[in-house]
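> Sharing a structure below in structure tokens format, with a few things to ask.
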Amino acid sequence: MAEKGFTDALEGLAAGVQPESATGAPKGPPADPALHPSVAALRTKFGDAILHNEVVAGDEHVVFILPERALEILRWLKDDPAQSYDYLADVTAVDYGGGRPLQVVYQLWSIQLKRQLRLKAELPLVALEIDSVVPLWNAANWLEREVYDMFGIQFRGHPDLRRIMMPDNYAEGHPLRKDFPLRGRFSRAEQTRRALEMEVEDYYIPTELDAAEESEREAHRESELSG
Amino acid sequence: MGLDRQLPSRKGLPMLQQGEGETTWLTTKLDFVVNWSRRNSIWPMPFGTACCAIEMMATAASKYDLARFGMERMAFSPRQADLFICAGRVPYKMAAVLRRIWDQMPQPKWCISMGACASSGGVFDVYSMVQGIDTIIPVDVYIPGCPPRPEGLMYGILMLQEKIRGEANPLTNRALHDALRAEPESKVGRANMPPGMIDELTLPFGNSTKQNRVSGLVSTGALARPIDRQP
């Protein structure tokens, strides 16, 4: 039995990811919102902006929200005293391939109420844009830069939306997308040539270079004083 | 031959004048002494980027004790190092750094590529990873393993010492010396081999042959999106 399942899985792998219609969320029966106080409160407060909610991995509550109202919903979750999700654990994204929409994932934690909640906003591939949550949590700054670098999602209102891992002049696209070839788009020779032509200025902005220089000067001054 | 022209003044070295290219008792002994001192006092420059570096640290620590081979001094500056040990995977973002460190090391210098990732890219046959540091710098000894045990690293170093035994100085064998040690300006900061050779060496192998540059495992229809073609 197990062997048959394995062969089926192999065949499915060979056939590739099958495109699905790019509809909203529902993948299973909706979980009972009453199980999580925040989900119930979100349902009553925002109504249509809450598309679907489910429970995964036992007790992980996931709420699918409208991307246009994501900032508004997150602001309420942070500021409302009954919710007070004051800690943004992660902003990331998922691409399930097959032309399905990209999901932006917000993982929230309330330090005070010891409660966690995951929100997902689905963005169609033709309009990869969502509001930045940096105004709410400064932690989102680099997390959103990473999502932008790896998936190409634009964050409206982000103070400094640049690539964070790949070099600024990386020309092959956004690597974590399912349609990105495993080895990149250029030949290995071209990738090597580009990599060797990199200067330190390609990795850092002038402000960062100035800061590094200043700290180096300071260390030098200190060593002179102590020596 | 151009040998006469290239040799420095022979005054004071009468025994060198026994015909062109011939080795004499004095010059072979000179080679022997120089090579003996070099191979027994190698100062490694550790370039540890991953788990191989942990094994390298274990090799240098008391149990395996690299100092037995004249290597107790790890030089953390390339300018005071003879041996470049690349231990771990190297991403493309690190390639220019690696090349620059190599360029900063004075001759004579050697390079050990430690582990599967440094030697061939290992399991990381992906967009971000250098497929073997020999595409960037010349390598003397490749050590297999993932990661190699300390014995593996020490065996590689012993092999390198054997290799150094066969080297020559400019007085005895200029051609051999230049082949091993010459470093033209044009190679500084450049790849170690021509583009065609890099492409050939880094072709997918083994399991990964099933994946093409444009993978068959993902839907290719989405590739036509204009956003992917933008730089």
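Ordered as shown in the structure tokens, chains take letters A, B, and onward, while each chain numbers its residues from 1 and ligands are numbered from 1 in the order shown.
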Any idea what's packed within 8 Å of Pro144 of chain B, counting only C-alpha atoms, ignoring anything in its chain fewer than 5 positions away? Could you give it as an NGL selection string?
:B and (114-116 or 119 or 152)
> Can you check which residues of chain A have any atom within 9 Å of chain B? Use only C-alpha atoms and format it as a PyMOL selection string.
chain A and resi 13-19+97-99+125-126+152+165-167+169-175+178-199+203
> Hey, what's within 9 Å of His158 of chain A if we count only C-alpha atoms and toss same-chain stuff fewer than 4 positions away? As a list of chain:residue names, please?
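Here the qualifying residues turn out to be A:Asp131, A:Ser132, A:Val133, A:Val134, A:Pro135, A:Asn141, A:Glu144, A:Arg145, A:Gln154.
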> Just to be explicit: take each residue in the selection above, keep C-alpha atoms, and write the result as a short mmCIF file (atom, residue, chain, number, x, y, z; two decimals), in the first residue's frame.

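The new file again_35.cif reads:
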data_model
loop_
_atom_site.label_atom_id
_atom_site.label_comp_id
_atom_site.auth_asym_id
_atom_site.auth_seq_id
_atom_site.Cartn_x
_atom_site.Cartn_y
_atom_site.Cartn_z
CA ASP A 131 0.71 48.01 2.04
CA SER A 132 3.83 47.98 4.15
CA VAL A 133 3.39 47.39 7.87
CA VAL A 134 6.60 49.20 8.84
CA PRO A 135 4.49 52.07 10.29
CA ASN A 141 11.51 46.64 7.61
CA GLU A 144 9.57 43.00 3.88
CA ARG A 145 12.83 43.69 2.10
CA GLN A 154 6.11 45.52 -3.72
#
> Write out as a list in words the residues lying within 7 Å of segment 160-164 of chain A, counting only C-alpha atoms and excluding same-chain residues fewer than 4 positions away.
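That gives Arg145, Glu146, Tyr148, Asp149 and Asp168 of chain A.
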> Store the residues of this selection in a file with N, CA and C atoms, as a PDB file, in the first residue's frame.

ATOM      1  N   ARG A 145      11.783  43.637   3.121  1.00  0.00           N
ATOM      2  CA  ARG A 145      12.833  43.694   2.102  1.00  0.00           C
ATOM      3  C   ARG A 145      13.176  42.288   1.613  1.00  0.00           C
ATOM      4  N   GLU A 146      13.198  41.340   2.523  1.00  0.00           N
ATOM      5  CA  GLU A 146      13.501  39.956   2.138  1.00  0.00           C
ATOM      6  C   GLU A 146      12.411  39.400   1.223  1.00  0.00           C
ATOM      7  N   TYR A 148      10.441  41.122  -0.662  1.00  0.00           N
ATOM      8  CA  TYR A 148      10.576  41.799  -1.948  1.00  0.00           C
ATOM      9  C   TYR A 148      11.705  41.178  -2.768  1.00  0.00           C
ATOM     10  N   ASP A 149      12.833  40.902  -2.118  1.00  0.00           N
ATOM     11  CA  ASP A 149      13.993  40.340  -2.802  1.00  0.00           C
ATOM     12  C   ASP A 149      13.686  38.958  -3.360  1.00  0.00           C
ATOM     13  N   ASP A 168      22.251  44.411  -5.386  1.00  0.00           N
ATOM     14  CA  ASP A 168      21.306  45.373  -5.952  1.00  0.00           C
ATOM     15  C   ASP A 168      21.130  45.225  -7.454  1.00  0.00           C
TER      16      ASP A 168
END
> Can you list every residue in segment 112-204 of chain B that DSSP puts in alpha helix (DSSP H), as a PyMOL selection string?
chain B and resi 115-120+150-165+174-181+195-201
> Limited to N, CA and C atoms, could you put the picked residues into a file as a CSV table (one decimal), in the first residue's frame?

chain,number,residue,atom,x,y,z
B,115,GLY,N,36.3,19.8,1.2
B,115,GLY,CA,34.9,19.4,1.2
B,115,GLY,C,34.2,19.4,-0.1
B,116,ALA,N,33.1,18.8,-0.2
B,116,ALA,CA,32.4,18.7,-1.5
B,116,ALA,C,31.9,20.0,-2.0
B,117,CYS,N,31.5,20.9,-1.2
B,117,CYS,CA,30.9,22.2,-1.6
B,117,CYS,C,32.0,23.1,-2.2
B,118,ALA,N,33.1,23.2,-1.6
B,118,ALA,CA,34.2,24.0,-2.1
B,118,ALA,C,34.7,23.4,-3.4
B,119,SER,N,34.7,22.1,-3.5
B,119,SER,CA,35.3,21.5,-4.7
B,119,SER,C,34.4,21.4,-5.9
B,120,SER,N,33.1,21.3,-5.6
B,120,SER,CA,32.2,21.1,-6.8
B,120,SER,C,30.9,21.8,-6.6
B,150,PRO,N,38.9,15.3,10.3
B,150,PRO,CA,40.2,15.9,10.5
B,150,PRO,C,41.3,15.1,9.9
B,151,GLU,N,41.2,13.7,9.9
B,151,GLU,CA,42.2,12.9,9.2
B,151,GLU,C,42.2,13.2,7.8
B,152,GLY,N,41.1,13.5,7.2
B,152,GLY,CA,41.0,13.8,5.8
B,152,GLY,C,41.8,15.1,5.4
B,153,LEU,N,41.5,16.1,6.3
B,153,LEU,CA,42.2,17.4,6.0
B,153,LEU,C,43.7,17.2,6.2
B,154,MET,N,44.1,16.4,7.2
B,154,MET,CA,45.5,16.2,7.4
B,154,MET,C,46.2,15.4,6.3
B,155,TYR,N,45.4,14.5,5.7
B,155,TYR,CA,45.9,13.7,4.6
B,155,TYR,C,46.1,14.6,3.4
B,156,GLY,N,45.1,15.5,3.2
B,156,GLY,CA,45.2,16.5,2.1
B,156,GLY,C,46.4,17.4,2.3
B,157,ILE,N,46.7,17.8,3.5
B,157,ILE,CA,47.8,18.7,3.8
B,157,ILE,C,49.2,17.9,3.5
B,158,LEU,N,49.2,16.6,3.9
B,158,LEU,CA,50.4,15.8,3.6
B,158,LEU,C,50.6,15.6,2.1
B,159,MET,N,49.5,15.5,1.4
B,159,MET,CA,49.6,15.4,-0.1
B,159,MET,C,50.2,16.7,-0.6
B,160,LEU,N,49.7,17.8,0.0
B,160,LEU,CA,50.3,19.1,-0.5
B,160,LEU,C,51.8,19.2,-0.2
B,161,GLN,N,52.2,18.7,0.9
B,161,GLN,CA,53.6,18.7,1.3
B,161,GLN,C,54.4,17.9,0.3
B,162,GLU,N,53.8,16.7,-0.1
B,162,GLU,CA,54.5,15.9,-1.2
B,162,GLU,C,54.6,16.7,-2.5
B,163,LYS,N,53.5,17.5,-2.8
B,163,LYS,CA,53.5,18.3,-4.0
B,163,LYS,C,54.6,19.3,-4.0
B,164,ILE,N,54.8,20.0,-2.8
B,164,ILE,CA,55.7,21.0,-2.7
B,164,ILE,C,57.2,20.5,-2.8
B,165,ARG,N,57.3,19.2,-2.4
B,165,ARG,CA,58.6,18.5,-2.6
B,165,ARG,C,59.1,18.6,-4.0
B,174,ARG,N,63.5,27.3,-14.4
B,174,ARG,CA,62.7,28.5,-14.6
B,174,ARG,C,61.3,28.2,-15.1
B,175,ALA,N,61.3,27.3,-16.1
B,175,ALA,CA,60.0,26.9,-16.8
B,175,ALA,C,59.0,26.3,-15.8
B,176,LEU,N,59.5,25.4,-14.9
B,176,LEU,CA,58.6,24.8,-14.0
B,176,LEU,C,58.2,25.8,-12.9
B,177,HIS,N,59.1,26.6,-12.5
B,177,HIS,CA,58.8,27.6,-11.5
B,177,HIS,C,57.7,28.6,-12.0
B,178,ASP,N,57.9,29.0,-13.3
B,178,ASP,CA,56.9,29.9,-13.8
B,178,ASP,C,55.5,29.3,-14.0
B,179,ALA,N,55.6,28.0,-14.4
B,179,ALA,CA,54.3,27.3,-14.6
B,179,ALA,C,53.5,27.2,-13.3
B,180,LEU,N,54.3,27.1,-12.2
B,180,LEU,CA,53.6,26.9,-10.9
B,180,LEU,C,53.3,28.2,-10.3
B,181,ARG,N,54.2,29.2,-10.4
B,181,ARG,CA,54.1,30.4,-9.6
B,181,ARG,C,53.8,31.7,-10.3
B,195,PRO,N,35.2,31.1,-19.9
B,195,PRO,CA,33.8,30.9,-19.7
B,195,PRO,C,33.3,29.5,-20.2
B,196,GLY,N,33.8,29.1,-21.3
B,196,GLY,CA,33.3,27.8,-21.9
B,196,GLY,C,33.6,26.6,-20.9
B,197,MET,N,34.8,26.7,-20.3
B,197,MET,CA,35.2,25.7,-19.4
B,197,MET,C,34.4,25.7,-18.1
B,198,ILE,N,34.1,26.9,-17.7
B,198,ILE,CA,33.2,27.0,-16.5
B,198,ILE,C,31.9,26.3,-16.7
B,199,ASP,N,31.3,26.6,-17.9
B,199,ASP,CA,30.0,26.1,-18.3
B,199,ASP,C,30.1,24.5,-18.3
B,200,GLU,N,31.1,24.1,-18.9
B,200,GLU,CA,31.3,22.6,-19.1
B,200,GLU,C,31.4,21.9,-17.8
B,201,LEU,N,32.3,22.5,-16.9
B,201,LEU,CA,32.6,21.9,-15.6
B,201,LEU,C,31.4,21.9,-14.7
> Atom CA of Pro147 of chain B and atom CA of Asn35 of chain B, how far apart in Å?
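These two atoms are separated by 29.8 Å.
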> Quick check, in Å to one decimal: how far apart do atom CA of Thr44 of chain A and atom CA of Leu74 of chain A lie?
15.1 Å
> Just want the 10 Å neighbourhood of segment 61-63 of chain B, counted on only C-alpha atoms, with same-chain residues fewer than 4 positions away dropped. Output as number ranges by chain.
B: 55-57, 67, 72, 150
> Store the residues picked out above, limited to C-alpha atoms, as a CSV table (one decimal), in the first residue's frame.

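out.csv, written as the output of this step:
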chain,number,residue,atom,x,y,z
B,55,GLU,CA,36.2,20.2,11.2
B,56,MET,CA,39.1,22.5,10.4
B,57,MET,CA,39.0,23.9,13.9
B,67,ALA,CA,51.0,21.9,14.7
B,72,GLU,CA,50.4,25.9,14.4
B,150,PRO,CA,40.2,15.9,10.5
> What separation in Å, quoted to one decimal, exists between atom CA of Pro67 of chain A and atom CA of Gln112 of chain A?
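Straight-line distance from atom CA of Pro67 of chain A to atom CA of Gln112 of chain A works out to 26.9 Å.
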> Any chance you could list, as a VMD selection string, the residues in segment 37-102 of chain A that come up strand (DSSP E or B) when DSSP is run on the backbone?
chain A and resid 50 to 56 60 to 65 87 to 94 102
